[in-house]
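Q: Next up, model15.txt (compact mmCIF, C-alpha atoms).
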```txt
# COMPACT_ATOMS: atom_id res chain seq x y z
CA MET A 45 115.46 97.40 100.04
CA ASN A 46 118.74 98.90 98.86
CA ASP A 47 119.75 101.86 96.69
CA SER A 48 118.56 100.20 93.49
CA THR A 49 116.12 97.43 94.41
CA ILE A 50 112.86 96.80 96.26
CA LEU A 51 112.37 93.13 97.08
CA ILE A 52 109.03 91.61 98.08
CA GLY A 53 108.24 88.02 99.04
CA SER A 54 104.76 86.55 98.66
CA ASN A 55 103.79 82.87 99.01
CA GLY A 56 107.22 81.69 97.91
CA ASP A 57 107.51 84.18 95.04
CA VAL A 58 110.32 86.73 95.16
CA PHE A 59 109.48 89.90 93.23
CA ARG A 60 112.14 92.46 92.30
CA PHE A 61 111.32 96.09 91.47
CA ASP A 62 113.48 99.12 90.83
CA ARG A 63 113.26 102.12 93.18
CA ASN A 64 110.57 103.69 90.97
CA GLY A 65 108.33 100.67 91.47
CA ASN A 66 108.88 99.20 88.00
CA PHE A 67 108.74 95.38 87.90
CA LEU A 68 112.06 93.75 86.96
CA ASN A 69 111.70 90.01 87.48
CA LYS A 70 110.56 87.29 89.87
CA PHE A 71 111.54 83.76 90.85
CA ASN A 72 110.23 80.98 93.06
CA ARG A 73 112.50 78.31 94.55
CA SER A 74 109.95 76.78 96.92
CA GLY A 75 110.05 73.01 97.12
CA GLN A 76 111.84 70.11 98.79
CA GLY A 77 114.80 69.75 96.48
CA PRO A 78 118.40 71.01 96.78
CA GLY A 79 118.60 74.78 97.13
CA GLU A 80 114.85 75.13 97.73
CA TYR A 81 112.87 76.51 100.68
CA ASP A 82 109.46 75.51 101.98
CA VAL A 83 108.38 79.07 102.88
CA ILE A 84 110.16 82.39 103.22
CA SER A 85 110.53 83.02 106.96
CA ASP A 86 112.65 86.15 106.50
CA MET A 87 114.46 87.81 103.61
CA ARG A 88 117.30 90.31 103.22
CA LEU A 89 119.31 92.06 100.53
CA TYR A 90 123.01 91.94 101.33
CA ASP A 91 126.07 92.65 99.19
CA GLY A 92 124.20 92.31 95.89
CA GLU A 93 122.58 88.99 96.81
CA ILE A 94 119.23 87.80 98.18
CA TYR A 95 119.36 86.01 101.54
CA ILE A 96 116.32 83.87 102.43
CA LEU A 97 115.84 82.19 105.80
CA CYS A 98 113.80 78.98 105.86
CA SER A 99 112.98 78.12 109.48
CA LEU A 100 111.69 74.61 108.79
CA TYR A 101 114.81 73.54 106.87
CA ARG A 102 117.02 75.54 109.28
CA LYS A 103 118.95 77.05 106.40
CA ILE A 104 119.83 80.40 104.90
CA PHE A 105 119.80 80.31 101.09
CA VAL A 106 121.72 82.89 99.07
CA TYR A 107 120.52 83.63 95.54
CA ASP A 108 121.48 86.06 92.82
CA TYR A 109 118.82 88.39 91.43
CA SER A 110 117.72 85.80 88.86
CA GLY A 111 117.10 83.15 91.51
CA ARG A 112 120.22 81.07 90.93
CA LEU A 113 121.54 79.53 94.14
CA ASN A 114 124.99 80.85 95.06
CA LYS A 115 125.42 79.21 98.48
CA GLU A 116 123.51 77.98 101.51
CA TYR A 117 124.25 77.89 105.24
CA ALA A 118 123.05 75.23 107.67
CA LEU A 119 121.80 76.54 111.03
CA PRO A 120 121.99 74.69 114.37
CA ASP A 121 119.14 72.32 115.22
CA LYS A 122 118.62 73.43 118.82
CA ALA A 123 116.39 76.42 118.05
CA TRP A 124 113.79 77.59 115.55
CA TYR A 125 115.39 80.68 114.02
CA SER A 126 112.71 82.86 112.45
CA ARG A 127 114.42 86.23 111.84
CA PHE A 128 117.94 87.25 110.86
CA GLU A 129 120.16 90.21 110.02
CA PRO A 130 123.39 89.91 107.98
CA VAL A 131 126.14 92.25 109.21
CA ASN A 132 129.26 91.21 107.31
CA ASP A 133 130.86 88.10 105.79
CA SER A 134 131.58 86.64 109.23
CA THR A 135 128.46 87.69 111.17
CA ILE A 136 124.75 87.00 110.81
CA TYR A 137 122.53 87.69 113.83
CA LEU A 138 119.71 85.18 114.37
CA ALA A 139 116.57 85.57 116.50
CA THR A 140 114.87 82.55 118.04
CA ASN A 141 111.70 84.63 118.41
CA GLY A 142 109.84 82.47 120.88
CA SER A 143 110.86 79.00 119.71
CA ILE A 144 112.36 77.68 122.96
CA ARG A 145 111.41 78.12 126.59
CA GLU A 146 115.02 78.18 127.74
CA GLY A 147 118.19 79.46 126.17
CA TYR A 148 118.89 82.74 124.42
CA GLU A 149 116.82 84.98 122.20
CA PHE A 150 119.66 86.02 119.85
CA ALA A 151 122.67 84.24 118.42
CA CYS A 152 125.72 85.43 116.51
CA TYR A 153 126.28 83.06 113.58
CA ASN A 154 129.46 82.78 111.51
CA PRO A 155 128.48 81.72 107.97
CA ALA A 156 132.06 80.74 107.05
CA LEU A 157 132.18 78.29 109.99
CA GLN A 158 128.42 77.57 109.81
CA SER A 159 128.26 77.71 113.60
CA VAL A 160 127.03 79.94 116.42
CA THR A 161 129.89 81.86 118.03
CA SER A 162 127.95 83.58 120.83
CA GLU A 163 124.47 83.92 122.32
CA MET A 164 122.80 86.99 123.83
CA LEU A 165 119.87 87.94 126.07
CA PRO A 166 118.85 84.83 128.03
CA LYS A 167 115.20 83.94 127.79
CA THR A 168 113.01 84.61 130.79
CA GLU A 169 109.22 84.58 130.61
CA ASN A 170 109.26 86.35 127.25
CA TYR A 171 108.92 83.31 125.04
CA PHE A 172 105.57 84.23 123.45
CA THR A 173 105.57 86.36 120.31
CA ASN A 174 103.21 88.17 117.94
CA ARG A 175 103.05 87.83 114.16
CA ASN A 176 103.59 91.61 113.72
CA PHE A 177 106.52 91.71 116.13
CA HIS A 178 109.97 91.92 114.54
CA PRO A 179 112.90 91.74 116.98
CA PHE A 180 115.30 93.54 114.62
CA LEU A 181 114.32 97.21 114.91
CA GLY A 182 117.02 98.92 112.86
CA ARG A 183 120.73 99.25 112.24
CA GLU A 184 123.48 101.82 111.96
CA GLY A 185 126.51 100.31 110.24
CA ALA A 186 127.52 97.27 112.31
CA ASP A 187 125.27 98.33 115.21
CA ILE A 188 122.11 96.19 115.22
CA TYR A 189 119.19 97.37 117.35
CA VAL A 190 116.78 94.78 118.76
CA SER A 191 114.02 94.41 121.33
CA ARG A 192 112.05 91.65 123.01
CA MET A 193 108.37 91.11 123.61
CA TYR A 194 107.19 92.66 126.90
CA ASP A 195 110.59 94.32 127.34
CA HIS A 196 110.59 98.07 126.70
CA THR A 197 114.35 98.24 126.19
CA VAL A 198 116.23 98.74 122.94
CA TYR A 199 119.47 96.74 122.83
CA ASN A 200 122.49 97.08 120.59
CA LEU A 201 123.94 93.78 119.37
CA LYS A 202 127.53 94.66 118.61
CA LYS A 203 130.47 92.26 118.45
CA GLY A 204 128.41 89.49 119.98
CA ALA A 205 127.31 91.46 123.06
CA SER A 206 123.96 93.04 124.00
CA VAL A 207 124.15 96.60 125.32
CA PRO A 208 121.02 98.52 126.45
CA VAL A 209 120.62 101.73 124.45
CA ILE A 210 117.43 103.14 125.96
CA ASP A 211 114.94 101.81 128.49
CA TYR A 212 111.43 103.24 128.26
CA SER A 213 109.22 103.60 131.30
CA PHE A 214 105.61 103.74 130.13
CA ASN A 215 102.81 104.96 132.37
CA THR A 216 100.72 101.85 131.71
CA PRO A 217 99.76 99.92 134.86
CA VAL A 218 98.79 96.80 132.89
CA GLN A 219 101.25 95.29 130.42
CA LEU A 220 100.49 92.60 127.87
CA LYS A 221 102.46 90.00 129.80
CA ASP A 222 100.01 90.47 132.69
CA VAL A 223 97.12 89.12 130.60
CA LEU A 224 98.97 86.31 128.83
CA GLY A 225 97.18 83.00 129.33
CA LYS A 226 94.08 84.46 130.96
CA ASP A 227 90.55 83.83 129.68
CA ALA A 228 88.80 86.38 127.47
CA LYS A 229 86.63 87.90 130.22
CA SER A 230 89.61 88.37 132.54
CA LYS A 231 91.55 90.03 129.72
CA TYR A 232 88.67 92.39 129.03
CA ASP A 233 88.25 93.30 132.69
CA MET A 234 91.98 94.00 133.08
CA THR A 235 92.43 96.02 129.88
CA SER A 236 89.13 97.81 129.37
CA ASN A 237 89.66 101.57 128.90
CA LYS A 238 93.37 101.27 129.77
CA ARG A 239 96.20 102.31 127.48
CA ILE A 240 98.63 99.41 127.16
CA VAL A 241 101.87 99.33 125.20
CA ASN A 242 101.88 96.44 122.73
CA PHE A 243 105.54 96.28 121.69
CA LEU A 244 108.37 98.49 120.50
CA GLY A 245 108.74 99.02 116.76
CA LEU A 246 111.33 100.44 114.40
CA PHE A 247 114.26 102.36 115.86
CA ALA A 248 116.75 104.81 114.38
CA LYS A 249 119.60 106.71 116.01
CA GLN A 250 121.82 109.53 114.84
CA GLY A 251 124.09 111.15 117.38
CA ASN A 252 122.00 112.05 120.44
CA ILE A 253 118.68 111.82 118.57
CA ILE A 254 116.56 108.66 118.56
CA VAL A 255 113.35 107.97 116.68
CA GLN A 256 111.14 105.07 117.82
CA SER A 257 107.82 103.68 116.68
CA PHE A 258 105.56 101.62 118.90
CA GLU A 259 102.01 100.34 119.17
CA LEU A 260 99.57 101.11 121.97
CA PHE A 261 96.22 99.57 122.90
CA GLY A 262 93.95 102.55 123.47
CA GLU A 263 90.44 103.86 122.99
CA TYR A 264 90.38 103.01 119.28
CA GLY A 265 92.17 99.68 119.42
CA VAL A 266 95.80 99.43 118.34
CA SER A 267 97.26 102.78 117.24
CA GLN A 268 100.64 103.78 115.86
CA TYR A 269 102.94 106.20 117.66
CA LEU A 270 106.23 107.81 116.75
CA TYR A 271 108.52 109.05 119.50
CA LYS A 272 111.52 111.35 119.05
CA GLN A 273 113.95 112.18 121.85
CA ASN A 274 117.26 113.94 122.39
CA VAL A 275 118.88 111.57 124.90
CA GLU A 276 121.30 114.29 126.02
CA THR A 277 118.77 117.05 126.76
CA ASN A 278 115.70 114.80 127.32
CA GLU A 279 113.74 117.01 124.92
CA SER A 280 111.10 114.79 123.30
CA LYS A 281 108.07 114.79 121.02
CA LEU A 282 105.31 112.23 120.56
CA LEU A 283 103.28 111.90 117.34
CA TYR A 284 99.99 110.00 117.55
CA PHE A 285 98.87 108.42 114.28
CA ASN A 286 95.20 107.76 114.91
CA ARG A 287 91.90 108.76 113.33
CA GLN A 288 92.19 112.41 114.33
CA GLU A 289 95.52 112.72 112.48
CA TRP A 290 94.52 111.29 109.10
CA GLY A 291 94.91 114.70 107.53
CA ASP A 292 98.69 114.63 108.04
CA TYR A 293 99.31 110.86 108.25
CA PRO A 294 96.37 109.35 106.38
CA LEU A 295 97.45 105.71 106.35
CA LEU A 296 99.66 105.02 109.37
CA ALA A 297 96.54 104.37 111.44
CA VAL A 298 96.02 101.01 109.72
CA SER A 299 99.43 100.03 108.42
CA HIS A 300 102.34 98.81 110.52
CA PRO A 301 105.72 100.26 109.42
CA VAL A 302 107.84 97.42 108.05
CA LEU A 303 111.32 98.92 107.71
CA ILE A 304 113.48 102.01 107.97
CA TYR A 305 115.40 103.10 104.91
CA ASP A 306 117.25 106.35 104.28
CA ASP A 307 115.49 108.17 107.15
CA ASN A 308 112.05 106.95 106.08
CA PHE A 309 109.54 104.68 107.75
CA VAL A 310 108.25 102.43 104.96
CA THR A 311 104.79 100.89 105.15
CA HIS A 312 102.60 98.97 102.71
CA VAL A 313 98.88 99.64 102.35
CA ASP A 314 96.01 97.86 100.64
CA PRO A 315 95.06 99.78 97.44
CA ALA A 316 91.33 99.61 98.25
CA PHE A 317 91.96 101.56 101.44
CA VAL A 318 94.05 104.13 99.57
CA SER A 319 91.19 104.64 97.10
CA ALA A 320 88.60 104.90 99.88
CA THR A 321 90.72 107.39 101.83
CA LYS A 322 91.16 109.56 98.74
CA ARG A 323 87.45 109.41 97.93
CA LEU A 324 86.13 110.07 101.43
CA ARG A 325 88.76 112.46 102.76
CA ASN A 326 90.78 113.56 99.71
CA PRO A 327 94.03 114.16 101.63
CA VAL A 328 96.63 116.11 99.69
CA ALA A 329 99.29 113.55 100.66
CA LEU A 330 97.62 110.94 98.40
CA ASN A 331 96.85 113.06 95.34
CA ASN A 332 99.82 111.68 93.40
CA ILE A 333 98.95 108.02 94.11
CA ASP A 334 96.85 106.65 91.23
CA VAL A 335 95.41 103.25 92.19
CA ASP A 336 92.27 101.19 91.92
CA GLU A 337 91.14 98.09 93.78
CA GLU A 338 92.96 95.82 91.31
CA SER A 339 96.34 97.47 91.94
CA ASN A 340 99.19 95.99 93.93
CA PRO A 341 99.72 97.18 97.52
CA VAL A 342 101.19 100.65 97.79
CA LEU A 343 104.52 101.42 99.47
CA LEU A 344 104.53 104.70 101.37
CA PHE A 345 107.64 106.50 102.62
CA TYR A 346 107.25 108.71 105.69
CA HIS A 347 110.34 110.88 106.00
CA PHE A 348 111.46 111.89 109.47
CA LYS A 349 114.00 114.53 110.43
CA TYR A 350 116.60 114.09 113.13
```
Could you render the structure from this file as structure tokens?
A:
Amino acid sequence: MNDSTILIGSNGDVFRFDRNGNFLNKFNRSGQGPGEYDVISDMRLYDGEIYILCSLYRKIFVYDYSGRLNKEYALPDKAWYSRFEPVNDSTIYLATNGSIREGYEFACYNPALQSVTSEMLPKTENYFTNRNFHPFLGREGADIYVSRMYDHTVYNLKKGASVPVIDYSFNTPVQLKDVLGKDAKSKYDMTSNKRIVNFLGLFAKQGNIIVQSFELFGEYGVSQYLYKQNVETNESKLLYFNRQEWGDYPLLAVSHPVLIYDDNFVTHVDPAFVSATKRLRNPVALNNIDVDEESNPVLLFYHFKY
């Protein structure tokens, strides 16, 4: 998303909408020919162009809004890069995201040289990942915030270095890494009726104030949380988006936030669930959303205040 465009990828199609949700155009460059991708592993808007990462081809393709190829960058063969974040014309951060048992989880890539200039955060036991986990949590200018599975630390990737920003200490005696590889009964015995942090989510920082989302295994399965803290005074507040809070946050209980934009958590929700929530609970927050079960998914913006 940027100030004028919402971009959505689906099965190789790239859909472009304006900020009011009006459809503008779409293209599909999936295939095996020059300038084509097999699937969209990750996608970004940067400097008026569409950047698409194809993990299998180990390339980043750069298209204009019509789908015309402007340039492409070849990535190194030694890792399976599955996520990326463009910073400027000389820096793209890449995440290996569980593709290699040894090495580094993040790399600083220079597109002009088409080579990796530095690597950050050596891999330890944290090589396994989750389909909902996104290592790039947020950004503030050239500061890129990331995290790792089973690591409750937010890092700042800046100028090719990784600097811890905040390290959470959760009161959860059993972590997910403790059950990795165990059989189903052992997992159940270890986790039953215990609250276990899944992984850190989106992160925003302004001055001394941080805002962080995360998931927690609890009494009702996986629930969404939002944490706000003043790192100077340690004053903090925790919002729990579960079934009891549907009146204020009717859809965060079932929808994972996908990005931060302009001080909003953005999430997409199935239209059938929006209709059912309006019909069964009639929350005021959804009165202006007119959908039926044939509609496209709905984008919701949850504004937070620093």
Q: So which residues fall inside 10 Å of (122.5, 87.4, 109.7) if we count all atoms listed in the file? Mind giving them as a VMD selection string?
A: chain A and resid 88 90 95 97 104 127 to 139 151 to 155
Q: Generate the output file for the selected residues, C-alpha atoms, as a PDB file, in the frame of the given file.
A:
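Just written: out14.pdb:
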```pdb
ATOM      1  CA  ARG A  88     117.300  90.310 103.220  1.00  0.00           C
ATOM      2  CA  TYR A  90     123.010  91.940 101.330  1.00  0.00           C
ATOM      3  CA  TYR A  95     119.360  86.010 101.540  1.00  0.00           C
ATOM      4  CA  LEU A  97     115.840  82.190 105.800  1.00  0.00           C
ATOM      5  CA  ILE A 104     119.830  80.400 104.900  1.00  0.00           C
ATOM      6  CA  ARG A 127     114.420  86.230 111.840  1.00  0.00           C
ATOM      7  CA  PHE A 128     117.940  87.250 110.860  1.00  0.00           C
ATOM      8  CA  GLU A 129     120.160  90.210 110.020  1.00  0.00           C
ATOM      9  CA  PRO A 130     123.390  89.910 107.980  1.00  0.00           C
ATOM     10  CA  VAL A 131     126.140  92.250 109.210  1.00  0.00           C
ATOM     11  CA  ASN A 132     129.260  91.210 107.310  1.00  0.00           C
ATOM     12  CA  ASP A 133     130.860  88.100 105.790  1.00  0.00           C
ATOM     13  CA  SER A 134     131.580  86.640 109.230  1.00  0.00           C
ATOM     14  CA  THR A 135     128.460  87.690 111.170  1.00  0.00           C
ATOM     15  CA  ILE A 136     124.750  87.000 110.810  1.00  0.00           C
ATOM     16  CA  TYR A 137     122.530  87.690 113.830  1.00  0.00           C
ATOM     17  CA  LEU A 138     119.710  85.180 114.370  1.00  0.00           C
ATOM     18  CA  ALA A 139     116.570  85.570 116.500  1.00  0.00           C
ATOM     19  CA  ALA A 151     122.670  84.240 118.420  1.00  0.00           C
ATOM     20  CA  CYS A 152     125.720  85.430 116.510  1.00  0.00           C
ATOM     21  CA  TYR A 153     126.280  83.060 113.580  1.00  0.00           C
ATOM     22  CA  ASN A 154     129.460  82.780 111.510  1.00  0.00           C
ATOM     23  CA  PRO A 155     128.480  81.720 107.970  1.00  0.00           C
TER      24      PRO A 155
END
```
Q: For Ser339 (chain A), which residue among A:Met87, A:Val318, A:Leu324, A:Ile50 is the nearest when counting only C-alpha atoms?
A: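 Smallest separation from Ser339 (chain A) among the options: A:Val318.
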Q: Report the distance between CA of Leu246 (chain A) and CA of Pro208 (chain A) in Å, rounded to one decimal place.
A: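 Separation between CA of Leu246 (chain A) and CA of Pro208 (chain A): 15.6 Å.
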Q: Pick out the closest residue to Gln273 (chain A) from this set: A:Tyr212, A:Tyr305, A:Phe180, A:Phe345. Count only C-alpha atoms.
A: A:Tyr212
Q: From the list A:Ser162, A:Ser126, A:Asn340, A:Gln250, which residue is nearest Asp86 (chain A) when using only C-alpha atoms?
A: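 Distance minimum relative to Asp86 (chain A) lands on A:Ser126.
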Q: At a cut-off of 7 Å, using only C-alpha atoms, what residues contact Val198 (chain A)? Leave out same-chain residues fewer than 5 positions from it and give the result as a list in words.
A: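 That gives Tyr189, Val190, Ser191, Pro208, Val209, Ile210 and Asp211 of chain A.
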Q: Can you work out which one of A:Gly75, A:Asp336, A:Ser110, A:Lys226 has the shortest atom-to-atom distance to Arg323 (chain A), counting all atoms listed in the file?
A: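 Looking only at the distances to Arg323 (chain A), the closest residue turns out to be A:Asp336.
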Q: For a cutoff of 12 Å around the file-coordinate point (107.3, 87.4, 99.6), which residues qualify once you count all atoms listed in the file? I'd like the result as a VMD selection string.
A: chain A and resid 50 to 60 70 to 74 83 to 88 96 to 97
Q: Would you save the residues from that selection as a PDB file, in the frame of the given file, using C-alpha atoms?
A:
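Resulting contents of result.pdb:
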```pdb
ATOM      1  CA  ILE A  50     112.860  96.800  96.260  1.00  0.00           C
ATOM      2  CA  LEU A  51     112.370  93.130  97.080  1.00  0.00           C
ATOM      3  CA  ILE A  52     109.030  91.610  98.080  1.00  0.00           C
ATOM      4  CA  GLY A  53     108.240  88.020  99.040  1.00  0.00           C
ATOM      5  CA  SER A  54     104.760  86.550  98.660  1.00  0.00           C
ATOM      6  CA  ASN A  55     103.790  82.870  99.010  1.00  0.00           C
ATOM      7  CA  GLY A  56     107.220  81.690  97.910  1.00  0.00           C
ATOM      8  CA  ASP A  57     107.510  84.180  95.040  1.00  0.00           C
ATOM      9  CA  VAL A  58     110.320  86.730  95.160  1.00  0.00           C
ATOM     10  CA  PHE A  59     109.480  89.900  93.230  1.00  0.00           C
ATOM     11  CA  ARG A  60     112.140  92.460  92.300  1.00  0.00           C
ATOM     12  CA  LYS A  70     110.560  87.290  89.870  1.00  0.00           C
ATOM     13  CA  PHE A  71     111.540  83.760  90.850  1.00  0.00           C
ATOM     14  CA  ASN A  72     110.230  80.980  93.060  1.00  0.00           C
ATOM     15  CA  ARG A  73     112.500  78.310  94.550  1.00  0.00           C
ATOM     16  CA  SER A  74     109.950  76.780  96.920  1.00  0.00           C
ATOM     17  CA  VAL A  83     108.380  79.070 102.880  1.00  0.00           C
ATOM     18  CA  ILE A  84     110.160  82.390 103.220  1.00  0.00           C
ATOM     19  CA  SER A  85     110.530  83.020 106.960  1.00  0.00           C
ATOM     20  CA  ASP A  86     112.650  86.150 106.500  1.00  0.00           C
ATOM     21  CA  MET A  87     114.460  87.810 103.610  1.00  0.00           C
ATOM     22  CA  ARG A  88     117.300  90.310 103.220  1.00  0.00           C
ATOM     23  CA  ILE A  96     116.320  83.870 102.430  1.00  0.00           C
ATOM     24  CA  LEU A  97     115.840  82.190 105.800  1.00  0.00           C
TER      25      LEU A  97
END
```
Q: Could you check how far CA of Leu303 (chain A) sits from CA of Asn278 (chain A), in Å to one decimal?
A: 25.6 Å
